[in-house]
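Written out below as structure tokens is the structure these notes cover.
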Amino acid sequence: AVPRKAQGSKIGAKVPSGLDELQEIFDQPLDEMDLLAAHAEHGNWRAALAVQDGLRRGGKALDVDVYESVIRACSAARQWAQALEAFEELQASGLETSAAARNGVMRAMAEVRGWEAALELLHQMCESGSALDSAAFGVVMRACREAGAWTMTLQLLDDLRRLGLQPTSRTHSAAMAAGAQALQWELVLDLLSEVRPHLQRREDIAAAYHAAIRACGECGEVSTAVRLLDATKAEEELAPSLSTYTVAMQACAKGRQPAKALLLLDELPAEGLKPDKALYAETLRICKVGSMWRRAEELV
């Protein structure tokens, strides 16, 4: 059988209207769950609800997979009310709620109604005894951070620890970004030290260093920002990127050390990096602020 998660990619932009059409696409016997998975993949929430109703009318027991697919379809379509209704129905059914169902409705709530609504839903789930995981907290923390509610972002990190949950790279990234917003550079460094041993993906490691360098720069901690940039060079299989150099140069400029920023610019060739238009523009700005007109003329 074709894995249900892979069906959406094979279908492409064309969403089948019914089971017969889906079977023609895959040329093999499929069932309503396969059709429901395809609708969930494409965010076709009305069709997903129709399939769910059809299963119910046919006397078939609805399992967690059905609710997960419906919630995923509604969440993808930003239909928070329908996602919440499906989740509440799942809770009332006596079935054990899954992480995918909880996080799906949380994501829809955060994206459409904002961090306060998502936070309220998280508290309701805690009070109802739902087995929350770090991913659920990560969804709400990201919503809080994007809305500038950095205090609540950091509070949620403490909350998930008190519940005995293990912070993930996503929760730490949200907390570090919040710390950077709050100019709490020492807190960000503590979070970096805590999360670094658990990070595996290069993009997660780079994002963690980026947030730490940015926080240090905003607080005028130039030497610490440059030290963190040097630390990225010592990381195995991780080379500093243009964006990392850019935030480090901005840190130097903010700390009134434009000459040090230009020294970082001179390091780029040795790191195999070539300045792009954005970095050139930032360098010219630094030269202007530092009255380094000759160097600015060289860049132009």
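Numbering starts fresh at 1 for the residues of each chain in the structure tokens, the chains themselves are lettered A, B, ... in the order given, and ligands are numbered from 1 as they appear.
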message = Excluding Leu263 in chain A and its own-chain neighbours fewer than 4 positions away, which residues fall within 12 Å of it when counting only C-alpha atoms? Please give them as a PyMOL selection string.
response = chain A and resi 226+245+248-249+252-253+257-259+267-269+283+295
All residues 9 Å or closer to Gly43 in chain A, only C-alpha atoms, same chain fewer than 6 positions away omitted, as a short mmCIF file (atom, residue, chain, number, x, y, z; two decimals) with C-alpha atoms, in the first residue's frame:
data_model
loop_
_atom_site.label_atom_id
_atom_site.label_comp_id
_atom_site.auth_asym_id
_atom_site.auth_seq_id
_atom_site.Cartn_x
_atom_site.Cartn_y
_atom_site.Cartn_z
CA ARG A 72 -4.51 18.63 10.21
CA ALA A 73 -6.71 19.65 7.26
CA CYS A 74 -8.40 22.39 9.30
CA SER A 75 -5.10 23.62 10.71
CA ALA A 76 -3.52 23.81 7.25
CA ALA A 77 -6.51 25.86 6.10
CA ARG A 78 -6.32 28.10 9.21
#
Point-to-point distance from CA of Val112 in chain A to CA of Ala38 in chain A, Å rounded to tenths = 23.2 Å
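From CA of Trp80 in chain A back to CA of Ala117 in chain A, the distance works out to 10.6 Å.
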inquiry  = Please list as a ChimeraX atom specification every residue within 8 Å of range 91-102 of chain A, counting only C-alpha atoms and excluding residues in the same chain fewer than 2 positions away.
reply    = /A:63-64,67-68,71-72,87-89,104-106,130,132-133,136
Using only C-alpha atoms, please write the residues we just selected to a file, as a PDB file, in the first residue's frame.
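Okay, result-v9.pdb is ready:
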ATOM      1  CA  ASP A  63     -10.350   6.422  15.602  1.00  0.00           C
ATOM      2  CA  VAL A  64      -7.592   8.862  16.503  1.00  0.00           C
ATOM      3  CA  TYR A  67      -9.486  13.074  14.058  1.00  0.00           C
ATOM      4  CA  GLU A  68      -5.812  13.751  13.433  1.00  0.00           C
ATOM      5  CA  ILE A  71      -7.501  18.563  12.534  1.00  0.00           C
ATOM      6  CA  ARG A  72      -4.505  18.631  10.211  1.00  0.00           C
ATOM      7  CA  PHE A  87     -10.324  18.098  19.026  1.00  0.00           C
ATOM      8  CA  GLU A  88     -13.109  18.535  21.587  1.00  0.00           C
ATOM      9  CA  GLU A  89     -15.043  15.736  19.906  1.00  0.00           C
ATOM     10  CA  GLY A 104      -2.423  20.712  15.238  1.00  0.00           C
ATOM     11  CA  VAL A 105      -5.250  22.555  16.977  1.00  0.00           C
ATOM     12  CA  MET A 106      -2.713  24.601  18.956  1.00  0.00           C
ATOM     13  CA  SER A 130      -3.926  16.157  28.600  1.00  0.00           C
ATOM     14  CA  LEU A 132       1.234  17.644  26.763  1.00  0.00           C
ATOM     15  CA  ASP A 133       4.693  17.460  25.212  1.00  0.00           C
ATOM     16  CA  ALA A 136       2.872  21.925  22.222  1.00  0.00           C
TER      17      ALA A 136
END
task = Determine which residues of range 104-219 of chain A DSSP labels as alpha helix (DSSP H) from the backbone of this structure, then write them out as a ChimeraX atom specification.
result = /A:104-113,115-127,134-146,150-162,169-181,185-195,202-218
What are the closest atom pairs, with distances in Å to one decimal, for all residues of range 210-264 of chain A lying within 9 Å of range 173-186 of chain A? Consider only C-alpha atoms, order rows by chain and residue number, and present the result as a Markdown table.
| residue | atom | partner | partner_atom | distance |
| --- | --- | --- | --- | --- |
| A:Ala211 | CA | A:Ala177 | CA | 5.7 |
| A:Ala212 | CA | A:Trp185 | CA | 6.9 |
| A:Ile213 | CA | A:Trp185 | CA | 8.6 |
| A:Arg214 | CA | A:Ala180 | CA | 6.6 |
| A:Ala215 | CA | A:Ala180 | CA | 4.2 |
| A:Cys216 | CA | A:Trp185 | CA | 5.2 |
| A:Gly217 | CA | A:Trp185 | CA | 8.6 |
| A:Glu218 | CA | A:Leu183 | CA | 6.3 |
| A:Cys219 | CA | A:Leu183 | CA | 5.9 |
| A:Glu221 | CA | A:Trp185 | CA | 8.3 |
Suppose we keep all heavy atoms; can you now write the selection as an mmCIF file, in the first residue's frame?
data_model
loop_
_atom_site.group_PDB
_atom_site.id
_atom_site.type_symbol
_atom_site.label_atom_id
_atom_site.label_comp_id
_atom_site.auth_asym_id
_atom_site.auth_seq_id
_atom_site.Cartn_x
_atom_site.Cartn_y
_atom_site.Cartn_z
ATOM 1 N N ALA A 211 21.218 33.814 17.222
ATOM 2 C CA ALA A 211 20.434 34.497 18.255
ATOM 3 C C ALA A 211 21.341 35.030 19.362
ATOM 4 O O ALA A 211 21.143 36.144 19.868
ATOM 5 C CB ALA A 211 19.388 33.548 18.833
ATOM 6 N N ALA A 212 22.347 34.240 19.731
ATOM 7 C CA ALA A 212 23.251 34.665 20.806
ATOM 8 C C ALA A 212 24.089 35.863 20.378
ATOM 9 O O ALA A 212 24.265 36.818 21.150
ATOM 10 C CB ALA A 212 24.147 33.500 21.210
ATOM 11 N N ILE A 213 24.610 35.837 19.162
ATOM 12 C CA ILE A 213 25.421 36.959 18.663
ATOM 13 C C ILE A 213 24.575 38.220 18.566
ATOM 14 O O ILE A 213 25.010 39.316 18.927
ATOM 15 C CB ILE A 213 26.038 36.604 17.294
ATOM 16 C CG1 ILE A 213 27.071 35.483 17.453
ATOM 17 C CG2 ILE A 213 26.706 37.833 16.663
ATOM 18 C CD1 ILE A 213 27.588 34.920 16.145
ATOM 19 N N ARG A 214 23.358 38.058 18.095
ATOM 20 C CA ARG A 214 22.463 39.210 17.969
ATOM 21 C C ARG A 214 22.168 39.820 19.342
ATOM 22 O O ARG A 214 22.186 41.048 19.505
ATOM 23 C CB ARG A 214 21.161 38.785 17.293
ATOM 24 C CG ARG A 214 20.142 39.907 17.159
ATOM 25 C CD ARG A 214 18.916 39.450 16.364
ATOM 26 N NE ARG A 214 17.906 40.493 16.324
ATOM 27 C CZ ARG A 214 16.938 40.626 17.231
ATOM 28 N NH1 ARG A 214 16.859 39.772 18.241
ATOM 29 N NH2 ARG A 214 16.059 41.583 17.131
ATOM 30 N N ALA A 215 21.893 38.958 20.332
ATOM 31 C CA ALA A 215 21.604 39.459 21.675
ATOM 32 C C ALA A 215 22.795 40.218 22.240
ATOM 33 O O ALA A 215 22.645 41.294 22.833
ATOM 34 C CB ALA A 215 21.220 38.296 22.588
ATOM 35 N N CYS A 216 23.979 39.670 22.054
ATOM 36 C CA CYS A 216 25.191 40.343 22.542
ATOM 37 C C CYS A 216 25.392 41.686 21.838
ATOM 38 O O CYS A 216 25.758 42.686 22.458
ATOM 39 C CB CYS A 216 26.412 39.453 22.328
ATOM 40 S SG CYS A 216 26.436 37.972 23.371
ATOM 41 N N GLY A 217 25.141 41.704 20.548
ATOM 42 C CA GLY A 217 25.286 42.940 19.796
ATOM 43 C C GLY A 217 24.327 44.017 20.254
ATOM 44 O O GLY A 217 24.712 45.190 20.396
ATOM 45 N N GLU A 218 23.069 43.628 20.511
ATOM 46 C CA GLU A 218 22.077 44.601 20.963
ATOM 47 C C GLU A 218 22.447 45.194 22.317
ATOM 48 O O GLU A 218 22.068 46.319 22.633
ATOM 49 C CB GLU A 218 20.694 43.944 21.040
ATOM 50 C CG GLU A 218 20.078 43.587 19.702
ATOM 51 C CD GLU A 218 19.772 44.813 18.860
ATOM 52 O OE1 GLU A 218 19.499 45.886 19.439
ATOM 53 O OE2 GLU A 218 19.804 44.722 17.617
ATOM 54 N N CYS A 219 23.206 44.417 23.104
ATOM 55 C CA CYS A 219 23.607 44.890 24.434
ATOM 56 C C CYS A 219 24.987 45.529 24.441
ATOM 57 O O CYS A 219 25.505 45.888 25.509
ATOM 58 C CB CYS A 219 23.569 43.727 25.425
ATOM 59 S SG CYS A 219 21.912 43.060 25.698
ATOM 60 N N GLU A 221 27.810 44.074 23.750
ATOM 61 C CA GLU A 221 28.845 43.127 24.171
ATOM 62 C C GLU A 221 29.623 42.672 22.940
ATOM 63 O O GLU A 221 29.474 41.543 22.451
ATOM 64 C CB GLU A 221 28.202 41.938 24.887
ATOM 65 C CG GLU A 221 27.653 42.272 26.248
ATOM 66 C CD GLU A 221 28.753 42.626 27.234
ATOM 67 O OE1 GLU A 221 29.835 42.000 27.171
ATOM 68 O OE2 GLU A 221 28.537 43.528 28.061
#
key: Who sits within 12 Å of range 273-278 of chain A, only C-alpha atoms, same chain under 4 positions skipped, as a list in words   =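 In the requested format, the answer is Ala239, Pro240, Ser241, Leu242, Ser243, Thr244, Tyr245, Thr246, Val247, Leu264, Leu265, Asp266, Glu267, Leu268, Pro269, Glu282, Thr283, Leu284, Arg285, Leu299 and Val300 of chain A.
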message = Please compute the CA of Ala40 in chain A-CA of Trp115 in chain A distance, one decimal, in Å.
response = 24.1 Å
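For Gly114 in chain A, the set of protein, DNA and RNA residues having any atom at most 9 Å away, when counting only C-alpha atoms and skipping those fewer than 4 positions along the same chain, is Met109, Ala110, Ala118, Leu119, Ala143, Cys144 and Ala147 of chain A.
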task = Would you kindly return, as a list of chain:residue names, each protein, DNA or RNA residue with an atom no farther than 8 Å from any atom of range 202-205 of chain A, considering only C-alpha atoms and excluding same-chain residues fewer than 6 positions away?
result = A:Ser169, A:Ser173, A:Arg196, A:Glu237, A:Leu238
